[in-house]
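Participant: Supplied structure: model.cif, mmCIF, N, CA and C atoms and all ligand atoms.
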data_coords
loop_
_atom_site.label_atom_id
_atom_site.label_comp_id
_atom_site.auth_asym_id
_atom_site.auth_seq_id
_atom_site.Cartn_x
_atom_site.Cartn_y
_atom_site.Cartn_z
N MET A 26 57.42 -37.89 41.98
CA MET A 26 58.76 -38.41 42.30
C MET A 26 58.63 -39.67 43.15
N GLU A 27 59.41 -40.65 42.79
CA GLU A 27 59.40 -41.90 43.56
C GLU A 27 59.90 -41.63 44.98
N LEU A 28 59.32 -42.36 45.91
CA LEU A 28 59.73 -42.23 47.30
C LEU A 28 61.23 -42.46 47.48
N LEU A 29 61.75 -43.46 46.78
CA LEU A 29 63.18 -43.77 46.92
C LEU A 29 64.06 -42.57 46.61
N GLU A 30 63.63 -41.76 45.65
CA GLU A 30 64.44 -40.63 45.22
C GLU A 30 64.52 -39.54 46.30
N ARG A 31 63.67 -39.66 47.32
CA ARG A 31 63.69 -38.67 48.40
C ARG A 31 64.50 -39.14 49.59
N LEU A 32 64.96 -40.37 49.58
CA LEU A 32 65.69 -40.91 50.73
C LEU A 32 67.18 -40.58 50.64
N THR A 33 67.80 -40.46 51.82
CA THR A 33 69.25 -40.28 51.87
C THR A 33 69.92 -41.65 51.85
N ARG A 34 71.20 -41.62 51.58
CA ARG A 34 71.99 -42.86 51.58
C ARG A 34 71.87 -43.58 52.92
N ARG A 35 71.96 -42.81 54.01
CA ARG A 35 71.87 -43.43 55.33
C ARG A 35 70.50 -44.06 55.58
N GLN A 36 69.47 -43.42 55.09
CA GLN A 36 68.13 -43.98 55.25
C GLN A 36 67.99 -45.30 54.47
N VAL A 37 68.55 -45.33 53.27
CA VAL A 37 68.50 -46.57 52.50
C VAL A 37 69.30 -47.66 53.21
N ASP A 38 70.47 -47.28 53.73
CA ASP A 38 71.28 -48.28 54.45
C ASP A 38 70.53 -48.79 55.69
N THR A 39 69.74 -47.92 56.31
CA THR A 39 68.95 -48.35 57.46
C THR A 39 67.87 -49.35 57.04
N LEU A 40 67.23 -49.10 55.91
CA LEU A 40 66.26 -50.09 55.39
C LEU A 40 66.96 -51.42 55.14
N ARG A 41 68.16 -51.36 54.59
CA ARG A 41 68.90 -52.60 54.29
C ARG A 41 69.25 -53.33 55.58
N ALA A 42 69.56 -52.58 56.62
CA ALA A 42 69.92 -53.21 57.90
C ALA A 42 68.74 -53.97 58.48
N LEU A 43 67.53 -53.53 58.15
CA LEU A 43 66.34 -54.20 58.68
C LEU A 43 65.97 -55.45 57.88
N LYS A 44 66.54 -55.56 56.69
CA LYS A 44 66.22 -56.71 55.85
C LYS A 44 67.07 -57.91 56.22
N ASP A 45 68.33 -57.62 56.59
CA ASP A 45 69.28 -58.70 56.83
C ASP A 45 69.14 -59.29 58.22
N GLY A 46 69.59 -60.49 58.34
CA GLY A 46 69.65 -61.10 59.66
C GLY A 46 68.40 -61.86 60.02
N GLU A 47 68.54 -62.77 60.94
CA GLU A 47 67.42 -63.65 61.28
C GLU A 47 66.37 -62.92 62.13
N GLU A 48 66.73 -61.73 62.69
CA GLU A 48 65.74 -61.02 63.48
C GLU A 48 64.79 -60.21 62.60
N ALA A 49 65.02 -60.21 61.29
CA ALA A 49 64.24 -59.33 60.41
C ALA A 49 62.74 -59.50 60.61
N ARG A 50 62.29 -60.73 60.82
CA ARG A 50 60.86 -60.96 60.95
C ARG A 50 60.31 -60.41 62.27
N ALA A 51 61.02 -60.66 63.35
CA ALA A 51 60.57 -60.22 64.67
C ALA A 51 60.82 -58.72 64.89
N GLY A 52 61.72 -58.16 64.11
CA GLY A 52 62.10 -56.78 64.32
C GLY A 52 63.52 -56.71 64.85
N VAL A 53 64.25 -55.70 64.41
CA VAL A 53 65.66 -55.56 64.78
C VAL A 53 65.77 -54.51 65.88
N ARG A 54 66.52 -54.83 66.93
CA ARG A 54 66.70 -53.89 68.04
C ARG A 54 67.55 -52.70 67.62
N LEU A 55 67.31 -51.57 68.25
CA LEU A 55 68.02 -50.34 67.93
C LEU A 55 69.54 -50.54 67.99
N GLY A 56 70.01 -51.19 69.06
CA GLY A 56 71.45 -51.39 69.22
C GLY A 56 72.05 -52.16 68.06
N ARG A 57 71.30 -53.11 67.55
CA ARG A 57 71.76 -53.93 66.42
C ARG A 57 71.80 -53.10 65.13
N VAL A 58 70.79 -52.26 64.94
CA VAL A 58 70.78 -51.39 63.76
C VAL A 58 72.00 -50.46 63.79
N ALA A 59 72.27 -49.90 64.97
CA ALA A 59 73.42 -49.01 65.12
C ALA A 59 74.72 -49.76 64.82
N GLU A 60 74.79 -50.99 65.30
CA GLU A 60 75.99 -51.80 65.09
C GLU A 60 76.21 -52.11 63.60
N ILE A 61 75.13 -52.49 62.90
CA ILE A 61 75.24 -52.81 61.47
C ILE A 61 75.71 -51.58 60.69
N LEU A 62 75.18 -50.42 61.07
CA LEU A 62 75.50 -49.20 60.33
C LEU A 62 76.78 -48.53 60.84
N ALA A 63 77.33 -49.04 61.95
CA ALA A 63 78.51 -48.45 62.57
C ALA A 63 78.30 -46.98 62.90
N ILE A 64 77.13 -46.68 63.50
CA ILE A 64 76.83 -45.32 63.95
C ILE A 64 76.31 -45.41 65.39
N SER A 65 76.11 -44.25 66.02
CA SER A 65 75.62 -44.25 67.40
C SER A 65 74.13 -44.61 67.43
N ALA A 66 73.67 -45.07 68.60
CA ALA A 66 72.25 -45.41 68.75
C ALA A 66 71.35 -44.20 68.50
N PRO A 67 71.67 -43.00 69.02
CA PRO A 67 70.81 -41.84 68.73
C PRO A 67 70.73 -41.53 67.23
N SER A 68 71.84 -41.69 66.52
CA SER A 68 71.80 -41.46 65.06
C SER A 68 70.92 -42.49 64.38
N ALA A 69 71.06 -43.75 64.79
CA ALA A 69 70.24 -44.82 64.20
C ALA A 69 68.76 -44.54 64.48
N LEU A 70 68.47 -44.09 65.69
CA LEU A 70 67.08 -43.78 66.06
C LEU A 70 66.52 -42.66 65.19
N ALA A 71 67.35 -41.66 64.91
CA ALA A 71 66.90 -40.55 64.06
C ALA A 71 66.53 -41.06 62.66
N HIS A 72 67.34 -41.96 62.11
CA HIS A 72 67.03 -42.51 60.78
C HIS A 72 65.74 -43.33 60.83
N LEU A 73 65.61 -44.15 61.89
CA LEU A 73 64.42 -45.00 62.01
C LEU A 73 63.16 -44.15 62.17
N THR A 74 63.26 -43.08 62.93
CA THR A 74 62.10 -42.20 63.14
C THR A 74 61.67 -41.55 61.83
N ALA A 75 62.66 -41.10 61.05
CA ALA A 75 62.34 -40.48 59.75
C ALA A 75 61.67 -41.50 58.84
N LEU A 76 62.18 -42.73 58.84
CA LEU A 76 61.62 -43.78 57.98
C LEU A 76 60.22 -44.18 58.44
N GLU A 77 60.03 -44.13 59.76
CA GLU A 77 58.71 -44.46 60.31
C GLU A 77 57.68 -43.41 59.85
N SER A 78 58.09 -42.17 59.86
CA SER A 78 57.14 -41.11 59.47
C SER A 78 56.82 -41.19 57.98
N LEU A 79 57.67 -41.84 57.20
CA LEU A 79 57.38 -42.04 55.77
C LEU A 79 56.59 -43.33 55.53
N GLY A 80 56.33 -44.06 56.62
CA GLY A 80 55.55 -45.29 56.48
C GLY A 80 56.36 -46.48 56.00
N LEU A 81 57.69 -46.38 56.10
CA LEU A 81 58.55 -47.45 55.59
C LEU A 81 58.99 -48.42 56.67
N VAL A 82 58.88 -47.98 57.93
CA VAL A 82 59.34 -48.78 59.06
C VAL A 82 58.27 -48.75 60.15
N ASP A 83 58.13 -49.87 60.81
CA ASP A 83 57.22 -50.03 61.95
C ASP A 83 58.06 -50.24 63.19
N ARG A 84 57.79 -49.49 64.26
CA ARG A 84 58.55 -49.73 65.49
C ARG A 84 57.59 -50.17 66.57
N TYR A 85 57.97 -51.24 67.27
CA TYR A 85 57.11 -51.77 68.31
C TYR A 85 57.99 -52.36 69.39
N ARG A 86 57.82 -51.89 70.61
CA ARG A 86 58.62 -52.37 71.74
C ARG A 86 60.11 -52.41 71.45
N GLY A 87 60.60 -51.34 70.90
CA GLY A 87 62.04 -51.23 70.68
C GLY A 87 62.59 -52.01 69.50
N ARG A 88 61.69 -52.64 68.74
CA ARG A 88 62.16 -53.37 67.55
C ARG A 88 61.59 -52.73 66.30
N SER A 89 62.41 -52.72 65.26
CA SER A 89 61.99 -52.10 64.00
C SER A 89 61.89 -53.13 62.90
N ARG A 90 60.87 -52.95 62.09
CA ARG A 90 60.63 -53.85 60.96
C ARG A 90 60.27 -53.05 59.73
N LEU A 91 60.56 -53.61 58.55
CA LEU A 91 60.12 -52.98 57.31
C LEU A 91 58.62 -53.19 57.16
N THR A 92 57.91 -52.15 56.76
CA THR A 92 56.52 -52.31 56.37
C THR A 92 56.50 -52.84 54.92
N PRO A 93 55.34 -53.27 54.41
CA PRO A 93 55.29 -53.65 52.98
C PRO A 93 55.80 -52.52 52.08
N LYS A 94 55.48 -51.29 52.44
CA LYS A 94 55.97 -50.15 51.66
C LYS A 94 57.50 -50.05 51.75
N GLY A 95 58.05 -50.33 52.93
CA GLY A 95 59.49 -50.33 53.10
C GLY A 95 60.16 -51.42 52.29
N GLN A 96 59.54 -52.60 52.27
CA GLN A 96 60.09 -53.70 51.47
C GLN A 96 60.07 -53.35 49.99
N SER A 97 58.98 -52.72 49.58
CA SER A 97 58.85 -52.34 48.18
C SER A 97 59.91 -51.29 47.81
N CYS A 98 60.15 -50.35 48.72
CA CYS A 98 61.14 -49.31 48.48
C CYS A 98 62.55 -49.91 48.39
N LEU A 99 62.81 -50.90 49.21
CA LEU A 99 64.12 -51.55 49.20
C LEU A 99 64.32 -52.34 47.89
N LEU A 100 63.26 -52.97 47.40
CA LEU A 100 63.35 -53.66 46.11
C LEU A 100 63.67 -52.67 45.00
N GLU A 101 63.04 -51.50 45.08
CA GLU A 101 63.30 -50.47 44.08
C GLU A 101 64.76 -50.03 44.16
N TYR A 102 65.27 -49.92 45.37
CA TYR A 102 66.69 -49.55 45.52
C TYR A 102 67.59 -50.63 44.90
N GLU A 103 67.29 -51.89 45.18
CA GLU A 103 68.11 -52.98 44.64
C GLU A 103 68.09 -52.95 43.11
N ARG A 104 66.95 -52.60 42.58
CA ARG A 104 66.83 -52.47 41.12
C ARG A 104 67.78 -51.38 40.61
N HIS A 105 67.73 -50.21 41.22
CA HIS A 105 68.63 -49.12 40.81
C HIS A 105 70.09 -49.58 40.91
N HIS A 106 70.44 -50.10 42.07
CA HIS A 106 71.83 -50.46 42.34
C HIS A 106 72.36 -51.47 41.32
N ARG A 107 71.59 -52.49 41.07
CA ARG A 107 72.09 -53.59 40.22
C ARG A 107 72.11 -53.24 38.74
N ILE A 108 71.18 -52.38 38.32
CA ILE A 108 71.22 -51.92 36.92
C ILE A 108 72.44 -51.02 36.71
N VAL A 109 72.76 -50.19 37.72
CA VAL A 109 73.94 -49.34 37.61
C VAL A 109 75.22 -50.21 37.64
N GLU A 110 75.23 -51.26 38.46
CA GLU A 110 76.40 -52.16 38.45
C GLU A 110 76.64 -52.74 37.06
N ARG A 111 75.57 -53.12 36.38
CA ARG A 111 75.72 -53.67 35.03
C ARG A 111 76.29 -52.63 34.08
N MET A 112 75.83 -51.38 34.22
CA MET A 112 76.32 -50.32 33.35
C MET A 112 77.83 -50.13 33.55
N PHE A 113 78.26 -50.08 34.80
CA PHE A 113 79.69 -49.91 35.07
C PHE A 113 80.49 -51.14 34.62
N ASP A 114 79.88 -52.30 34.70
CA ASP A 114 80.54 -53.53 34.25
C ASP A 114 80.82 -53.45 32.75
N ARG A 115 79.82 -53.00 32.01
CA ARG A 115 80.00 -52.90 30.55
C ARG A 115 81.03 -51.83 30.19
N MET A 116 81.16 -50.83 31.08
CA MET A 116 82.15 -49.78 30.83
C MET A 116 83.56 -50.25 31.19
N GLY A 117 83.67 -51.43 31.75
CA GLY A 117 84.99 -52.00 32.00
C GLY A 117 85.55 -51.80 33.39
N LEU A 118 84.75 -51.32 34.33
CA LEU A 118 85.26 -51.21 35.70
C LEU A 118 85.58 -52.61 36.24
N PRO A 119 86.62 -52.72 37.08
CA PRO A 119 86.92 -54.03 37.66
C PRO A 119 85.74 -54.54 38.48
N ARG A 120 85.49 -55.83 38.39
CA ARG A 120 84.36 -56.45 39.06
C ARG A 120 84.30 -56.11 40.55
N GLU A 121 85.45 -56.08 41.21
CA GLU A 121 85.45 -55.84 42.66
C GLU A 121 85.18 -54.38 43.02
N ARG A 122 85.15 -53.50 42.01
CA ARG A 122 84.85 -52.09 42.28
C ARG A 122 83.40 -51.74 41.96
N LEU A 123 82.68 -52.64 41.33
CA LEU A 123 81.35 -52.30 40.81
C LEU A 123 80.37 -51.88 41.89
N CYS A 124 80.36 -52.63 43.00
CA CYS A 124 79.38 -52.38 44.04
C CYS A 124 79.59 -50.99 44.64
N GLU A 125 80.82 -50.71 44.98
CA GLU A 125 81.15 -49.42 45.59
C GLU A 125 80.87 -48.27 44.61
N ALA A 126 81.26 -48.45 43.37
CA ALA A 126 81.03 -47.41 42.36
C ALA A 126 79.53 -47.17 42.18
N ALA A 127 78.76 -48.24 42.15
CA ALA A 127 77.31 -48.10 41.96
C ALA A 127 76.69 -47.33 43.13
N ARG A 128 77.20 -47.59 44.34
CA ARG A 128 76.66 -46.89 45.52
C ARG A 128 76.88 -45.37 45.45
N GLU A 129 77.90 -44.95 44.69
CA GLU A 129 78.17 -43.51 44.58
C GLU A 129 77.08 -42.80 43.78
N VAL A 130 76.39 -43.51 42.90
CA VAL A 130 75.43 -42.82 42.01
C VAL A 130 74.02 -43.42 41.99
N ASP A 131 73.82 -44.61 42.58
CA ASP A 131 72.53 -45.28 42.36
C ASP A 131 71.32 -44.50 42.86
N LEU A 132 71.49 -43.68 43.90
CA LEU A 132 70.36 -42.90 44.41
C LEU A 132 70.16 -41.60 43.63
N SER A 133 71.15 -41.21 42.86
CA SER A 133 71.05 -39.94 42.12
C SER A 133 70.37 -40.12 40.77
N ILE A 134 70.31 -41.35 40.30
CA ILE A 134 69.70 -41.60 38.99
C ILE A 134 68.20 -41.79 39.19
N GLY A 135 67.43 -41.02 38.44
CA GLY A 135 65.97 -41.05 38.60
C GLY A 135 65.34 -42.33 38.08
N HIS A 136 64.13 -42.57 38.55
CA HIS A 136 63.37 -43.76 38.18
C HIS A 136 63.25 -43.92 36.66
N ALA A 137 62.91 -42.82 35.98
CA ALA A 137 62.68 -42.90 34.52
C ALA A 137 63.96 -43.32 33.80
N THR A 138 65.10 -42.83 34.27
CA THR A 138 66.37 -43.18 33.63
C THR A 138 66.71 -44.65 33.87
N ILE A 139 66.43 -45.13 35.10
CA ILE A 139 66.66 -46.55 35.39
C ILE A 139 65.82 -47.41 34.45
N GLU A 140 64.57 -47.01 34.23
CA GLU A 140 63.73 -47.79 33.32
C GLU A 140 64.30 -47.79 31.91
N ARG A 141 64.85 -46.65 31.47
CA ARG A 141 65.44 -46.59 30.12
C ARG A 141 66.69 -47.45 30.05
N LEU A 142 67.48 -47.45 31.13
CA LEU A 142 68.68 -48.30 31.15
C LEU A 142 68.28 -49.77 31.09
N CYS A 143 67.19 -50.12 31.76
CA CYS A 143 66.73 -51.52 31.77
C CYS A 143 66.35 -51.94 30.34
N VAL A 144 65.66 -51.06 29.62
CA VAL A 144 65.30 -51.34 28.23
C VAL A 144 66.57 -51.48 27.38
N ALA A 145 67.49 -50.51 27.53
CA ALA A 145 68.71 -50.51 26.73
C ALA A 145 69.56 -51.74 26.99
N ASP A 146 69.44 -52.29 28.19
CA ASP A 146 70.24 -53.45 28.60
C ASP A 146 69.49 -54.77 28.33
N GLY A 147 68.32 -54.67 27.67
CA GLY A 147 67.59 -55.90 27.34
C GLY A 147 66.89 -56.55 28.52
N HIS A 148 66.48 -55.74 29.49
CA HIS A 148 65.74 -56.24 30.66
C HIS A 148 66.49 -57.37 31.38
N PRO A 149 67.65 -57.04 31.93
CA PRO A 149 68.49 -58.07 32.57
C PRO A 149 67.85 -58.65 33.82
N GLY A 150 68.17 -59.91 34.10
CA GLY A 150 67.61 -60.60 35.27
C GLY A 150 68.50 -60.56 36.49
N THR A 151 69.80 -60.34 36.28
CA THR A 151 70.73 -60.36 37.42
C THR A 151 71.80 -59.28 37.26
N CYS A 152 72.42 -58.92 38.40
CA CYS A 152 73.57 -58.01 38.38
C CYS A 152 74.83 -58.81 38.04
N PRO A 153 75.97 -58.15 37.87
CA PRO A 153 77.20 -58.89 37.52
C PRO A 153 77.62 -59.89 38.61
N HIS A 154 77.07 -59.75 39.82
CA HIS A 154 77.41 -60.69 40.89
C HIS A 154 76.39 -61.82 40.99
N GLY A 155 75.40 -61.82 40.09
CA GLY A 155 74.41 -62.88 40.10
C GLY A 155 73.20 -62.62 40.99
N GLU A 156 73.13 -61.42 41.57
CA GLU A 156 71.96 -61.10 42.41
C GLU A 156 70.79 -60.69 41.51
N PRO A 157 69.57 -61.06 41.89
CA PRO A 157 68.41 -60.77 41.03
C PRO A 157 68.11 -59.27 40.92
N ILE A 158 67.69 -58.86 39.75
CA ILE A 158 67.22 -57.48 39.54
C ILE A 158 65.70 -57.53 39.55
N PRO A 159 65.08 -57.02 40.62
CA PRO A 159 63.63 -57.15 40.75
C PRO A 159 62.86 -56.14 39.90
N ARG A 160 61.58 -56.42 39.73
CA ARG A 160 60.59 -55.45 39.28
C ARG A 160 60.66 -54.99 37.84
N CYS A 161 61.27 -55.75 36.96
CA CYS A 161 61.17 -55.33 35.57
C CYS A 161 59.84 -55.85 35.04
N PRO A 162 58.97 -54.95 34.54
CA PRO A 162 57.66 -55.39 34.07
C PRO A 162 57.77 -56.33 32.86
N HIS A 163 58.93 -56.37 32.23
CA HIS A 163 59.10 -57.24 31.05
C HIS A 163 59.63 -58.61 31.42
N ARG A 164 59.80 -58.86 32.69
CA ARG A 164 60.36 -60.15 33.09
C ARG A 164 59.34 -61.02 33.84
N GLY A 165 58.08 -60.92 33.45
CA GLY A 165 57.07 -61.80 34.02
C GLY A 165 56.86 -61.56 35.49
N LYS A 166 56.49 -62.60 36.20
CA LYS A 166 56.12 -62.44 37.60
C LYS A 166 57.09 -63.13 38.53
N GLU A 167 58.33 -63.34 38.06
CA GLU A 167 59.27 -64.06 38.91
C GLU A 167 59.90 -63.18 39.99
N GLU A 168 59.54 -61.88 39.97
CA GLU A 168 60.14 -61.01 40.97
C GLU A 168 59.71 -61.41 42.37
N SER A 169 60.56 -61.13 43.33
CA SER A 169 60.22 -61.50 44.71
C SER A 169 60.24 -60.27 45.57
ZN ZN B 1 76.31 -54.15 44.82
ZN ZN B 2 63.05 -53.85 32.12
ZN ZN B 3 75.81 -56.85 42.36
#
Will you turn the file into structure tokens for me?
Facilitator:
Amino acid sequence: MELLERLTRRQVDTLRALKDGEEARAGVRLGRVAEILAISAPSALAHLTALESLGLVDRYRGRSRLTPKGQSCLLEYERHHRIVERMFDRMGLPRERLCEAAREVDLSIGHATIERLCVADGHPGTCPHGEPIPRCPHRGKEES
């Protein structure tokens, strides 16, 4: 089972909070993570600790950063999310609802199914909002 499939929604959102912002390189302070997620600092710390034990986050002097494994896991999440957005787009959901709708199911769909959807969709390069879909082995080495 892929690591991503074992994460909770909150854990994925915590990984995303560490990617955004100019502090991402130096590490994001606990208070900032809590603020981005709109949760208490102790709750944010619990998510960070769980992610650290999975090797996805590094904590040093009160700042948290994604490890290479964490970055890789986040790319895999973006892949799931954006492929699901395309599926809902083709089903006719309004464009402004796609992101929210995709978040309801993107973690529940297994890796193998996402790969089949990617094949069925012709190995798409972007989501309906123009964001890149990473890691398709059929799309050369342009992934980042
Ligand atoms: Zn989205
Ligand atoms: Zn593909
Ligand atoms: Zn999108």
Participant: Could you list, as a list in words, all residues that come within 5 Å of ligand ZN 3 (chain B)? Count only N, CA and C atoms and all ligand atoms.
Facilitator: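 Those within range of ligand ZN 3 (chain B) are Cys152, Pro153 and His154 of chain A.
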Participant: Pull the alpha helix (DSSP H) assignments for segment 39-80 of chain A out of DSSP run on the backbone, and list those residues as a PyMOL selection string.
Facilitator: chain A and resi 39-44+55-62+66-78
Participant: Provide the atom CA of Leu132 of chain A to atom N of Met112 of chain A distance in Å, to one decimal place.
Facilitator: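 Between atom CA of Leu132 of chain A and atom N of Met112 of chain A the gap is 14.3 Å.
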Participant: Could you list, as a PyMOL selection string, every residue within 8 Å of Ser65 of chain A, counting all atoms listed in the file and ignoring same-chain residues fewer than 6 positions away?
Facilitator: chain A and resi 55-56+58-59+71
Participant: Quick one: everything within 10 Å of segment 38-40 of chain A, counting only C-alpha atoms, minus sequence neighbours fewer than 4 positions away in the same chain. Send it as JSON, numbers by chain.
Facilitator: {"A": [32, 33, 34, 44, 45, 58, 59, 61, 62, 69, 70, 72, 73, 76, 81, 82, 89, 90, 91, 95, 96, 98, 99, 102]}
Participant: Taking the DSSP secondary structure from the backbone, can you list the residues of chain A that are strand (DSSP E or B), as a PyMOL selection string?
Facilitator: chain A and resi 53-54+82-85+88-91+151+157
Participant: Mind pulling up the distance from atom CA of Gln36 of chain A to atom CA of Thr138 of chain A?
Facilitator: 21.7 Å
Participant: Quick one: which chain A residues come within 7 Å of ligand ZN 2 (chain B), and what is the nearest atom pair for each with the distance in Å to one decimal, counting only C-alpha atoms and all ligand atoms, rows ordered by chain and ascending number, as a Markdown table?
Facilitator:
| residue | atom | partner | partner_atom | distance |
| --- | --- | --- | --- | --- |
| A:Glu140 | CA | B:ZN2 | ZN | 6.2 |
| A:Cys143 | CA | B:ZN2 | ZN | 4.4 |
| A:Val144 | CA | B:ZN2 | ZN | 5.1 |
| A:Gly147 | CA | B:ZN2 | ZN | 6.9 |
| A:His148 | CA | B:ZN2 | ZN | 3.9 |
| A:Pro149 | CA | B:ZN2 | ZN | 6.9 |
| A:Cys161 | CA | B:ZN2 | ZN | 4.2 |
| A:Pro162 | CA | B:ZN2 | ZN | 5.9 |
| A:His163 | CA | B:ZN2 | ZN | 5.3 |
| A:Arg164 | CA | B:ZN2 | ZN | 6.9 |
Participant: Keeping N, CA and C atoms, export the residues of the selection given above as a PDB file, in the frame of the given file.
Facilitator:
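Output file again31.pdb follows:
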ATOM      1  N   GLU A 140      64.570 -47.010  34.230  1.00  0.00           N
ATOM      2  CA  GLU A 140      63.730 -47.790  33.320  1.00  0.00           C
ATOM      3  C   GLU A 140      64.300 -47.790  31.910  1.00  0.00           C
ATOM      4  N   CYS A 143      67.190 -50.120  31.760  1.00  0.00           N
ATOM      5  CA  CYS A 143      66.730 -51.520  31.770  1.00  0.00           C
ATOM      6  C   CYS A 143      66.350 -51.940  30.340  1.00  0.00           C
ATOM      7  N   VAL A 144      65.660 -51.060  29.620  1.00  0.00           N
ATOM      8  CA  VAL A 144      65.300 -51.340  28.230  1.00  0.00           C
ATOM      9  C   VAL A 144      66.570 -51.480  27.380  1.00  0.00           C
ATOM     10  N   GLY A 147      68.320 -54.670  27.670  1.00  0.00           N
ATOM     11  CA  GLY A 147      67.590 -55.900  27.340  1.00  0.00           C
ATOM     12  C   GLY A 147      66.890 -56.550  28.520  1.00  0.00           C
ATOM     13  N   HIS A 148      66.480 -55.740  29.490  1.00  0.00           N
ATOM     14  CA  HIS A 148      65.740 -56.240  30.660  1.00  0.00           C
ATOM     15  C   HIS A 148      66.490 -57.370  31.380  1.00  0.00           C
ATOM     16  N   PRO A 149      67.650 -57.040  31.930  1.00  0.00           N
ATOM     17  CA  PRO A 149      68.490 -58.070  32.570  1.00  0.00           C
ATOM     18  C   PRO A 149      67.850 -58.650  33.820  1.00  0.00           C
ATOM     19  N   CYS A 161      61.270 -55.750  36.960  1.00  0.00           N
ATOM     20  CA  CYS A 161      61.170 -55.330  35.570  1.00  0.00           C
ATOM     21  C   CYS A 161      59.840 -55.850  35.040  1.00  0.00           C
ATOM     22  N   PRO A 162      58.970 -54.950  34.540  1.00  0.00           N
ATOM     23  CA  PRO A 162      57.660 -55.390  34.070  1.00  0.00           C
ATOM     24  C   PRO A 162      57.770 -56.330  32.860  1.00  0.00           C
ATOM     25  N   HIS A 163      58.930 -56.370  32.230  1.00  0.00           N
ATOM     26  CA  HIS A 163      59.100 -57.240  31.050  1.00  0.00           C
ATOM     27  C   HIS A 163      59.630 -58.610  31.420  1.00  0.00           C
ATOM     28  N   ARG A 164      59.800 -58.860  32.690  1.00  0.00           N
ATOM     29  CA  ARG A 164      60.360 -60.150  33.090  1.00  0.00           C
ATOM     30  C   ARG A 164      59.340 -61.020  33.840  1.00  0.00           C
TER      31      ARG A 164
END
Participant: How would you report the residues lying within 7 Å of ligand ZN 1 (chain B), as a list in words, if you count all atoms listed in the file?
Facilitator: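 What falls inside 7 Å of ligand ZN 1 (chain B) is His106, Arg107, Glu110, Leu123, Cys124, Glu125, Ala127 and Arg128 of chain A.
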Participant: What does the distance from atom CA of Glu129 of chain A to atom CA of Gly117 of chain A come to in Å, to one decimal?
Facilitator: 16.6 Å
Participant: Within 8 Å of Thr151 of chain A, counting only N, CA and C atoms, which residues qualify if same-chain residues fewer than 4 places away don't, as a PyMOL selection string?
Facilitator: chain A and resi 107-108+111+155-159
Participant: Do a neighbour search on Ile139 of chain A at 9 Å with only C-alpha atoms, toss out local chain neighbours closer than 6 positions, and write the hits as a PDB file with N, CA and C atoms, in the frame of the given file.
Facilitator:
ATOM      1  N   ARG A 104      66.950 -52.600  42.580  1.00  0.00           N
ATOM      2  CA  ARG A 104      66.830 -52.470  41.120  1.00  0.00           C
ATOM      3  C   ARG A 104      67.780 -51.380  40.610  1.00  0.00           C
ATOM      4  N   HIS A 105      67.730 -50.210  41.220  1.00  0.00           N
ATOM      5  CA  HIS A 105      68.630 -49.120  40.810  1.00  0.00           C
ATOM      6  C   HIS A 105      70.090 -49.580  40.910  1.00  0.00           C
ATOM      7  N   ILE A 108      71.180 -52.380  38.320  1.00  0.00           N
ATOM      8  CA  ILE A 108      71.220 -51.920  36.920  1.00  0.00           C
ATOM      9  C   ILE A 108      72.440 -51.020  36.710  1.00  0.00           C
ATOM     10  N   VAL A 109      72.760 -50.190  37.720  1.00  0.00           N
ATOM     11  CA  VAL A 109      73.940 -49.340  37.610  1.00  0.00           C
ATOM     12  C   VAL A 109      75.220 -50.210  37.640  1.00  0.00           C
TER      13      VAL A 109
END
Participant: Ranking A:Glu103, A:Ala145, A:Arg160, A:Arg88 by minimum distance to Val53 of chain A and counting all atoms listed in the file, which one comes first?
Facilitator: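 Under the stated criterion, the closest residue is A:Arg88.
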